[in-house]
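Colleague: Hey, dropping final-v5.txt in here, compact mmCIF, C-alpha atoms and all ligand atoms:
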# COMPACT_ATOMS: atom_id res chain seq x y z
CA MET A 1 -49.46 -33.50 8.41
CA LYS A 2 -46.36 -34.81 6.63
CA LYS A 3 -45.68 -38.57 6.62
CA TYR A 4 -42.97 -39.98 8.91
CA ASN A 5 -41.00 -43.18 8.24
CA VAL A 6 -40.88 -45.29 11.37
CA GLY A 7 -39.23 -48.42 12.68
CA VAL A 8 -40.32 -50.87 15.37
CA ILE A 9 -37.61 -52.39 17.56
CA GLY A 10 -38.89 -55.57 19.21
CA ALA A 11 -41.42 -55.99 16.42
CA THR A 12 -41.90 -59.73 17.02
CA GLY A 13 -42.95 -59.40 20.68
CA MET A 14 -46.36 -58.94 22.26
CA VAL A 15 -46.14 -55.15 22.24
CA GLY A 16 -44.39 -55.20 18.85
CA GLN A 17 -47.31 -57.09 17.35
CA ARG A 18 -49.71 -54.48 18.70
CA PHE A 19 -47.61 -51.84 16.95
CA MET A 20 -48.13 -53.72 13.66
CA THR A 21 -51.91 -53.54 13.99
CA LEU A 22 -51.89 -49.88 15.07
CA LEU A 23 -49.42 -48.66 12.46
CA ASP A 24 -51.07 -50.46 9.54
CA ASN A 25 -52.63 -47.66 7.45
CA HIS A 26 -51.68 -45.02 10.03
CA PRO A 27 -52.45 -41.57 8.55
CA TRP A 28 -49.05 -40.07 9.54
CA PHE A 29 -46.66 -43.04 9.93
CA ASP A 30 -45.23 -45.48 7.37
CA VAL A 31 -43.49 -48.56 8.78
CA LYS A 32 -40.18 -48.96 6.97
CA VAL A 33 -38.09 -51.04 9.39
CA LEU A 34 -38.80 -53.94 11.73
CA ALA A 35 -36.06 -55.16 14.06
CA ALA A 36 -35.67 -57.76 16.80
CA SER A 37 -33.02 -60.09 18.21
CA PRO A 38 -30.40 -61.90 16.13
CA ARG A 39 -32.77 -64.93 16.31
CA SER A 40 -35.24 -63.11 14.06
CA ALA A 41 -32.84 -60.99 11.98
CA GLY A 42 -32.67 -61.86 8.28
CA LYS A 43 -36.10 -63.54 8.28
CA LYS A 44 -39.30 -62.19 6.74
CA TYR A 45 -41.48 -60.73 9.51
CA SER A 46 -44.18 -63.41 9.03
CA ASP A 47 -41.57 -66.17 9.45
CA ALA A 48 -39.83 -64.48 12.36
CA VAL A 49 -43.03 -63.94 14.33
CA GLY A 50 -44.45 -67.33 13.19
CA SER A 51 -46.74 -69.00 15.70
CA LYS A 52 -46.02 -66.23 18.26
CA TRP A 53 -48.50 -63.98 16.38
CA CYS A 54 -51.38 -63.59 18.84
CA MET A 55 -53.37 -60.57 17.65
CA ASP A 56 -57.01 -61.17 16.72
CA VAL A 57 -56.38 -59.89 13.18
CA GLU A 58 -53.97 -61.29 10.56
CA ILE A 59 -50.43 -59.91 10.20
CA PRO A 60 -50.88 -56.77 8.05
CA GLU A 61 -49.97 -57.42 4.40
CA ALA A 62 -47.66 -54.39 4.36
CA MET A 63 -45.48 -55.90 7.12
CA LYS A 64 -45.46 -59.64 6.26
CA ASP A 65 -42.53 -59.56 3.84
CA ILE A 66 -40.36 -56.94 5.54
CA VAL A 67 -37.02 -58.56 6.36
CA VAL A 68 -36.36 -58.16 10.09
CA MET A 69 -33.15 -56.33 10.99
CA ASP A 70 -30.88 -56.85 13.99
CA ALA A 71 -31.83 -54.24 16.61
CA THR A 72 -28.26 -53.86 17.87
CA ALA A 73 -26.00 -54.63 14.92
CA ASP A 74 -28.02 -52.49 12.46
CA ILE A 75 -28.49 -49.30 14.49
CA GLU A 76 -26.81 -46.93 12.00
CA LYS A 77 -28.59 -48.50 9.03
CA ILE A 78 -31.97 -48.36 10.75
CA ALA A 79 -31.43 -44.76 11.90
CA SER A 80 -30.66 -43.72 8.31
CA GLN A 81 -33.95 -45.19 7.03
CA VAL A 82 -36.48 -43.83 9.52
CA ASP A 83 -37.54 -40.59 11.21
CA PHE A 84 -37.92 -42.30 14.60
CA VAL A 85 -38.39 -45.74 16.19
CA PHE A 86 -40.77 -47.34 18.65
CA CYS A 87 -38.96 -49.66 21.04
CA ALA A 88 -40.35 -52.58 23.10
CA VAL A 89 -37.72 -55.22 23.79
CA ASP A 90 -37.16 -57.91 26.36
CA MET A 91 -33.51 -57.36 27.30
CA LYS A 92 -31.57 -56.52 30.45
CA LYS A 93 -32.16 -52.99 31.74
CA ASP A 94 -28.61 -51.78 31.15
CA GLU A 95 -28.67 -53.24 27.62
CA ILE A 96 -31.93 -51.43 26.88
CA LYS A 97 -30.53 -48.16 28.27
CA ALA A 98 -27.50 -48.47 26.02
CA LEU A 99 -29.56 -49.52 22.98
CA GLU A 100 -31.98 -46.60 23.29
CA GLU A 101 -29.17 -44.09 23.81
CA ALA A 102 -27.37 -45.48 20.78
CA TYR A 103 -30.45 -44.84 18.60
CA ALA A 104 -30.87 -41.35 20.03
CA LYS A 105 -27.18 -40.60 19.42
CA ALA A 106 -27.60 -41.84 15.84
CA GLU A 107 -30.12 -38.94 15.57
CA CYS A 108 -33.09 -41.30 15.66
CA PRO A 109 -35.69 -40.38 18.33
CA VAL A 110 -36.89 -43.33 20.43
CA ILE A 111 -40.44 -43.73 21.69
CA SER A 112 -39.99 -46.41 24.31
CA ASN A 113 -42.25 -48.88 26.05
CA ASN A 114 -39.38 -50.13 28.18
CA SER A 115 -38.82 -49.15 31.79
CA ALA A 116 -35.03 -48.62 31.52
CA HIS A 117 -35.10 -44.82 31.08
CA ARG A 118 -38.29 -44.00 33.00
CA HIS A 119 -36.36 -42.38 35.83
CA THR A 120 -33.65 -40.70 33.77
CA PRO A 121 -34.30 -37.10 34.89
CA ASP A 122 -34.30 -35.51 31.40
CA VAL A 123 -36.33 -38.28 29.72
CA PRO A 124 -40.01 -37.33 29.59
CA MET A 125 -42.61 -39.95 30.57
CA ILE A 126 -45.68 -38.67 28.81
CA VAL A 127 -49.38 -39.46 28.98
CA PRO A 128 -50.51 -37.01 26.26
CA GLU A 129 -53.73 -36.08 28.06
CA LEU A 130 -51.97 -35.37 31.37
CA ASN A 131 -48.44 -34.04 31.11
CA ALA A 132 -47.83 -33.16 27.44
CA GLU A 133 -45.76 -30.16 28.60
CA HIS A 134 -43.01 -32.51 29.85
CA ALA A 135 -41.86 -32.66 26.20
CA GLU A 136 -40.27 -29.25 26.92
CA ILE A 137 -37.38 -31.14 28.53
CA ILE A 138 -36.31 -32.59 25.16
CA PRO A 139 -33.90 -29.74 24.23
CA ALA A 140 -32.05 -30.27 27.56
CA GLN A 141 -31.80 -34.00 26.88
CA ARG A 142 -30.50 -33.34 23.37
CA LYS A 143 -27.87 -31.06 24.86
CA ARG A 144 -26.72 -33.81 27.25
CA LEU A 145 -26.65 -36.41 24.46
CA GLY A 146 -24.98 -34.04 22.01
CA THR A 147 -27.70 -34.60 19.40
CA LYS A 148 -29.67 -32.36 17.05
CA ARG A 149 -32.77 -34.58 16.59
CA GLY A 150 -32.18 -37.67 18.71
CA PHE A 151 -33.89 -38.08 22.09
CA ILE A 152 -35.71 -40.68 24.16
CA ALA A 153 -39.28 -40.37 25.40
CA VAL A 154 -40.90 -43.13 27.43
CA LYS A 155 -44.30 -44.52 28.22
CA SER A 156 -45.19 -45.27 31.81
CA ASN A 157 -45.90 -48.77 33.08
CA CYS A 158 -49.20 -50.31 31.97
CA SER A 159 -50.44 -50.88 35.54
CA LEU A 160 -50.96 -47.18 36.27
CA GLN A 161 -52.67 -46.37 33.01
CA SER A 162 -56.11 -46.73 34.56
CA TYR A 163 -55.81 -45.01 37.94
CA VAL A 164 -53.42 -42.14 37.15
CA PRO A 165 -55.70 -40.76 34.39
CA ALA A 166 -58.67 -40.91 36.76
CA LEU A 167 -56.80 -39.23 39.64
CA PHE A 168 -54.72 -36.62 37.82
CA PRO A 169 -57.65 -34.32 36.91
CA LEU A 170 -58.60 -34.25 40.61
CA SER A 171 -55.22 -32.76 41.63
CA LYS A 172 -56.74 -29.39 42.54
CA PHE A 173 -58.36 -31.01 45.60
CA GLY A 174 -54.91 -31.96 46.92
CA ILE A 175 -54.63 -35.74 46.59
CA LYS A 176 -52.96 -37.00 49.78
CA ASP A 177 -53.06 -40.79 49.88
CA VAL A 178 -53.88 -43.39 47.27
CA LEU A 179 -54.17 -47.12 47.88
CA VAL A 180 -54.56 -49.19 44.73
CA CYS A 181 -54.91 -52.90 44.00
CA THR A 182 -54.42 -53.80 40.35
CA TYR A 183 -55.82 -56.90 38.65
CA GLN A 184 -53.56 -57.39 35.65
CA ALA A 185 -53.94 -59.36 32.43
CA ILE A 186 -51.50 -62.03 31.31
CA SER A 187 -50.63 -60.15 28.09
CA GLY A 188 -48.84 -57.73 30.42
CA ALA A 189 -46.24 -60.47 30.82
CA GLY A 190 -46.10 -60.98 27.04
CA LYS A 191 -48.16 -64.17 27.50
CA THR A 192 -51.35 -65.83 26.25
CA PHE A 193 -53.32 -68.71 27.82
CA GLU A 194 -51.61 -71.01 25.29
CA THR A 195 -48.13 -69.95 26.40
CA TRP A 196 -49.05 -69.67 30.10
CA PRO A 197 -51.58 -72.48 30.83
CA ASP A 198 -50.86 -72.25 34.58
CA MET A 199 -52.82 -68.98 34.58
CA ILE A 200 -56.08 -70.73 33.64
CA ASP A 201 -58.27 -70.85 36.77
CA ASN A 202 -55.52 -69.15 38.76
CA VAL A 203 -54.47 -65.90 40.47
CA ILE A 204 -50.84 -65.05 41.27
CA PRO A 205 -50.34 -62.41 43.96
CA TYR A 206 -46.97 -61.18 42.70
CA ILE A 207 -45.70 -59.39 39.58
CA GLY A 208 -41.97 -58.71 39.83
CA GLY A 209 -41.15 -54.99 40.18
CA GLU A 210 -44.72 -53.92 39.42
CA GLU A 211 -45.68 -52.50 42.80
CA GLU A 212 -42.61 -50.27 42.93
CA LYS A 213 -43.37 -48.96 39.42
CA SER A 214 -47.03 -48.42 40.30
CA GLU A 215 -46.07 -46.32 43.32
CA LYS A 216 -43.07 -44.40 41.93
CA GLU A 217 -43.87 -43.64 38.28
CA PRO A 218 -47.00 -41.55 38.98
CA LEU A 219 -44.81 -39.04 40.84
CA LYS A 220 -42.83 -38.35 37.67
CA ILE A 221 -46.07 -37.76 35.75
CA TRP A 222 -47.12 -35.28 38.47
CA GLY A 223 -43.61 -33.76 38.34
CA LYS A 224 -42.47 -30.39 36.94
CA VAL A 225 -39.86 -29.40 34.37
CA GLU A 226 -37.24 -27.43 36.31
CA GLY A 227 -34.07 -26.46 34.46
CA ASP A 228 -32.54 -29.52 32.84
CA GLU A 229 -34.68 -32.13 34.54
CA ILE A 230 -38.15 -33.27 35.46
CA VAL A 231 -38.42 -33.09 39.23
CA PRO A 232 -40.85 -35.75 40.52
CA ALA A 233 -43.67 -34.62 42.77
CA THR A 234 -43.56 -35.67 46.42
CA SER A 235 -47.28 -36.39 46.60
CA PRO A 236 -49.72 -38.13 46.24
CA ASN A 237 -48.49 -40.90 48.48
CA PHE A 238 -49.14 -44.20 46.65
CA THR A 239 -49.25 -47.74 47.96
CA ALA A 240 -50.00 -50.61 45.56
CA GLN A 241 -50.63 -54.34 45.39
CA CYS A 242 -50.42 -55.82 41.90
CA ILE A 243 -52.05 -59.16 41.18
CA ARG A 244 -52.02 -61.30 38.03
CA VAL A 245 -55.49 -62.53 37.12
CA PRO A 246 -56.73 -64.96 34.44
CA VAL A 247 -57.67 -62.33 31.85
CA SER A 248 -56.14 -62.08 28.37
CA ASN A 249 -56.09 -58.25 28.09
CA GLY A 250 -57.08 -55.34 30.33
CA HIS A 251 -55.74 -54.15 33.68
CA MET A 252 -58.28 -53.16 36.32
CA GLY A 253 -57.50 -51.02 39.38
CA ALA A 254 -59.44 -50.74 42.65
CA VAL A 255 -58.59 -47.34 44.11
CA PHE A 256 -59.01 -45.70 47.54
CA VAL A 257 -58.19 -42.00 47.72
CA ARG A 258 -57.90 -39.33 50.43
CA PHE A 259 -57.85 -35.58 49.64
CA GLU A 260 -56.74 -32.41 51.42
CA ASN A 261 -60.06 -30.87 50.44
CA LYS A 262 -62.65 -33.53 49.88
CA PRO A 263 -64.70 -32.82 46.73
CA SER A 264 -68.32 -33.85 46.35
CA LYS A 265 -69.12 -36.94 44.28
CA GLU A 266 -70.84 -34.68 41.76
CA GLU A 267 -67.70 -32.52 41.39
CA ILE A 268 -65.59 -35.61 40.67
CA LEU A 269 -68.07 -36.97 38.13
CA ASN A 270 -68.27 -33.60 36.35
CA ILE A 271 -64.48 -33.31 36.16
CA TRP A 272 -64.19 -36.80 34.68
CA LYS A 273 -66.97 -36.10 32.17
CA ASP A 274 -65.47 -32.81 30.96
CA PHE A 275 -61.80 -33.76 31.10
CA ALA A 276 -59.86 -33.45 27.84
CA GLY A 277 -56.13 -33.00 27.37
CA ARG A 278 -53.66 -31.93 24.71
CA ALA A 279 -54.33 -35.16 22.74
CA GLN A 280 -57.99 -34.18 22.34
CA GLU A 281 -57.19 -30.49 21.67
CA LEU A 282 -54.86 -31.50 18.84
CA GLU A 283 -57.31 -34.19 17.65
CA LEU A 284 -54.46 -36.69 17.40
CA PRO A 285 -55.36 -39.77 15.30
CA HIS A 286 -55.31 -42.16 18.29
CA ALA A 287 -56.80 -39.79 20.86
CA PRO A 288 -60.07 -41.10 22.30
CA LYS A 289 -62.85 -38.53 21.96
CA GLN A 290 -63.94 -39.17 25.55
CA PHE A 291 -60.84 -40.00 27.63
CA LEU A 292 -62.57 -40.85 30.95
CA ASN A 293 -65.83 -42.78 30.73
CA TYR A 294 -67.89 -43.21 33.88
CA PHE A 295 -70.35 -46.10 34.16
CA GLU A 296 -73.26 -45.73 36.59
CA GLU A 297 -74.09 -49.44 36.74
CA ASP A 298 -72.78 -51.20 39.86
CA ASN A 299 -71.28 -54.10 37.88
CA MET A 300 -69.29 -51.95 35.46
CA PRO A 301 -66.76 -51.39 33.99
CA GLN A 302 -66.03 -55.00 33.06
CA THR A 303 -62.74 -56.06 31.53
CA LYS A 304 -64.14 -58.00 28.58
CA MET A 305 -66.89 -55.50 27.82
CA HIS A 306 -64.97 -52.21 28.11
CA ARG A 307 -61.26 -52.77 27.47
CA ASP A 308 -61.67 -52.01 23.75
CA LEU A 309 -63.55 -48.74 24.27
CA GLU A 310 -62.47 -46.19 21.60
CA GLY A 311 -59.97 -48.63 20.12
CA GLY A 312 -58.64 -49.54 23.58
CA MET A 313 -57.47 -45.95 24.15
CA ALA A 314 -60.19 -44.75 26.54
CA ILE A 315 -60.24 -45.27 30.31
CA SER A 316 -63.33 -46.74 31.98
CA VAL A 317 -64.28 -45.82 35.53
CA GLY A 318 -67.09 -46.91 37.84
CA ARG A 319 -68.34 -47.55 41.37
CA LEU A 320 -67.35 -44.14 42.78
CA ARG A 321 -68.58 -44.03 46.35
CA GLU A 322 -67.61 -42.72 49.76
CA ASP A 323 -65.36 -44.91 51.92
CA THR A 324 -65.23 -45.41 55.67
CA GLN A 325 -61.42 -45.03 55.91
CA TYR A 326 -60.50 -42.99 52.81
CA ASP A 327 -62.64 -40.27 51.24
CA TYR A 328 -63.67 -42.21 48.14
CA LYS A 329 -63.16 -45.53 46.39
CA PHE A 330 -63.69 -46.44 42.74
CA VAL A 331 -62.72 -48.93 40.07
CA CYS A 332 -61.00 -48.21 36.77
CA LEU A 333 -59.87 -50.12 33.68
CA SER A 334 -57.56 -49.71 30.71
CA HIS A 335 -56.32 -51.95 27.90
CA ASN A 336 -52.76 -52.82 28.85
CA THR A 337 -51.24 -53.44 25.42
CA LEU A 338 -53.25 -50.66 23.70
CA ARG A 339 -53.50 -47.58 25.96
CA GLY A 340 -51.03 -49.20 28.37
CA ALA A 341 -48.32 -49.99 25.82
CA ALA A 342 -48.26 -49.72 22.02
CA GLY A 343 -51.33 -47.45 21.70
CA GLY A 344 -50.03 -45.07 24.34
CA ALA A 345 -46.68 -44.96 22.56
CA VAL A 346 -48.31 -44.26 19.18
CA LEU A 347 -50.35 -41.45 20.76
CA MET A 348 -47.20 -40.00 22.35
CA ALA A 349 -45.43 -40.12 18.97
CA GLU A 350 -48.40 -38.35 17.38
CA LEU A 351 -48.19 -35.66 20.06
CA LEU A 352 -44.43 -35.18 19.53
CA CYS A 353 -44.90 -34.99 15.75
CA ALA A 354 -47.74 -32.48 16.10
CA GLU A 355 -45.61 -30.37 18.49
CA GLY A 356 -42.66 -30.38 16.06
CA TYR A 357 -40.22 -32.54 18.04
CA MET A 358 -39.74 -35.06 15.19
CA ASP A 359 -38.81 -32.50 12.52
N1 LIG B 1 -46.87 -56.58 27.36
C1 LIG B 1 -47.25 -55.42 27.91
O1 LIG B 1 -48.44 -55.17 28.19
C2 LIG B 1 -46.24 -54.35 28.17
C3 LIG B 1 -46.76 -53.12 28.60
C4 LIG B 1 -45.86 -52.08 28.80
C5 LIG B 1 -44.53 -52.27 28.58
N2 LIG B 1 -44.04 -53.47 28.19
C6 LIG B 1 -42.59 -53.56 27.97
O2 LIG B 1 -42.33 -53.71 26.58
C7 LIG B 1 -41.17 -54.51 26.39
C8 LIG B 1 -41.51 -55.70 25.52
O3 LIG B 1 -42.53 -56.46 26.15
P1 LIG B 1 -43.27 -57.63 25.39
O4 LIG B 1 -44.37 -58.07 26.30
O5 LIG B 1 -43.61 -57.23 23.99
O6 LIG B 1 -42.08 -58.74 25.35
P2 LIG B 1 -41.96 -60.02 24.41
O7 LIG B 1 -43.28 -60.44 23.88
O8 LIG B 1 -41.15 -61.01 25.19
O9 LIG B 1 -41.08 -59.50 23.15
C9 LIG B 1 -39.75 -59.14 23.30
C10 LIG B 1 -39.17 -58.54 22.03
O10 LIG B 1 -37.81 -58.22 22.31
C11 LIG B 1 -36.97 -58.78 21.32
N3 LIG B 1 -35.67 -59.11 21.86
C12 LIG B 1 -35.35 -60.00 22.81
N4 LIG B 1 -34.01 -60.03 23.01
C13 LIG B 1 -33.47 -59.12 22.14
C14 LIG B 1 -32.17 -58.70 21.83
N5 LIG B 1 -31.12 -59.21 22.45
N6 LIG B 1 -32.01 -57.74 20.88
C15 LIG B 1 -33.08 -57.21 20.26
N7 LIG B 1 -34.34 -57.59 20.49
C16 LIG B 1 -34.54 -58.53 21.42
C17 LIG B 1 -37.71 -60.04 20.88
O11 LIG B 1 -37.21 -60.46 19.62
P3 LIG B 1 -37.16 -62.02 19.18
O12 LIG B 1 -38.56 -62.41 18.83
O13 LIG B 1 -36.24 -62.01 18.03
O14 LIG B 1 -36.66 -62.79 20.38
C18 LIG B 1 -39.14 -59.50 20.84
O15 LIG B 1 -39.33 -58.79 19.65
C19 LIG B 1 -40.68 -54.89 27.80
O16 LIG B 1 -39.68 -53.97 28.20
C20 LIG B 1 -41.94 -54.75 28.64
O17 LIG B 1 -41.62 -54.46 29.98
C21 LIG B 1 -44.88 -54.51 27.95
Could you spell out this file's structure in structure tokens?
Modeller:
Amino acid sequence: MKKYNVGVIGATGMVGQRFMTLLDNHPWFDVKVLAASPRSAGKKYSDAVGSKWCMDVEIPEAMKDIVVMDATADIEKIASQVDFVFCAVDMKKDEIKALEEAYAKAECPVISNNSAHRHTPDVPMIVPELNAEHAEIIPAQRKRLGTKRGFIAVKSNCSLQSYVPALFPLSKFGIKDVLVCTYQAISGAGKTFETWPDMIDNVIPYIGGEEEKSEKEPLKIWGKVEGDEIVPATSPNFTAQCIRVPVSNGHMGAVFVRFENKPSKEEILNIWKDFAGRAQELELPHAPKQFLNYFEEDNMPQTKMHRDLEGGMAISVGRLREDTQYDYKFVCLSHNTLRGAAGGAVLMAELLCAEGYMD
């Protein structure tokens, strides 16, 4: 595989910092550009990120001295220095939409962690194991944007990164209704216990916009490419409650599911055990070998024990049992800033490189 020069927009943030750790010594990607707000622009990365650095490893040597660029003012310059950018910024939705389109129109593909373009009909929202074929929409998007290379591809919200992977492979049984309660880590809000002390010994039963995303985004993942757009599926029918819990990293989901044709427990467990997607077929660098990992023990998976499974890219599942109101219930877990954010974006970029969309 050839090497690609990449940039990270929003490099100083929580997700941006994760990108630094994942892209350090990446076999295919060389980080050439880091960008953030005008507050950080012109500073060395280590000074710009300063005490906000909250990864459990040091800032990679290769990134420390890179001078941070201005994500908006330097678009043309950045686009001329890289093959594509990762983007994770905290800005208003319409500003993010415009920023990402400006990079794409400067012929610089954007792999985005932001929600702004998730429902743009010709922007694929890809989980490489589940709906890799949605990348086929990219030529239609390029046509709309008037670009040769530039396009936007997005990652889904972190909340659904545990339950959608567990449910998607069961689609052949006709998934009718899904009720999910998510128990979400504070890093999902870009926070640590130091920056959000009110979360110590606390639970907050509201995460702005999260329940809507948790219910609506899965339907795009289940959707189909039709002509110049991805048409969202009309089922399964999702209802969600999203709750912030005092955990540093790792989102857990408690799922109840009803099928058209109820499978046996053994059928479900066998499907999870054998499931592999395009990411595994292509042996992408960040693809977990075993995507869905089922734990037989009643008290597993546990956030602290299993969130880092396979570099935080694998999904942990447990407690599958019959329910009195739905057909089954189970619990699932994924690392929200790895599989749920930066790691999922890196894996998507690897997929798009391997499939030739970045050439
Ligand atoms: N945390 C998660 O688990 C997670 C998961 C999935 C998706 N996301 C999404 O990823 C994005 C970033 O989240 P985060 O948690 O990393 O946020 P964050 O820690 O608050 O970081 C925000 C980043 O955006 C930059 N920024 C702010 N205003 C800007 C501007 N006007 N121009 C350019 N850059 C600007 C900041 O730069 P300065 O340091 O210079 O201010 C910083 O690099 C959000 O859209 C979020 O919804 C987060």
Colleague: Name the closest residue to ligand LIG 1 (chain B) among the candidates A:Lys220, A:His335, A:Arg258, A:Arg144; distances are taken between atoms, counting all atoms listed in the file.
Modeller: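 Counting all atoms listed in the file, the residue closest to ligand LIG 1 (chain B) is A:His335.
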Colleague: Which residues are near range 200-212 of chain A? Cut-off 10 Å, all atoms listed in the file, ignore same chain within fewer than 5 positions. Put them as a ChimeraX atom specification.
Modeller: /A:157-160,180-184,188-189,193-194,217,238-247
Colleague: Check every protein, DNA and RNA residue against ligand LIG 1 (chain B), keep those with an atom at most 6 Å away (counting all atoms listed in the file), and present them as a PyMOL selection string.
Modeller: chain A and resi 10-16+36-37+39-40+71+88-91+113-114+157-158+187-190+336-337+340-341
Colleague: If I take CA of Glu310 in chain A and CA of Val6 in chain A, how far is one from the other in Å, to one decimal?
Modeller: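 Going from CA of Glu310 in chain A over to CA of Val6 in chain A covers 23.9 Å.
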Colleague: By how many Å are CA of Gly318 in chain A and CA of Asp298 in chain A apart?
Modeller: 7.4 Å
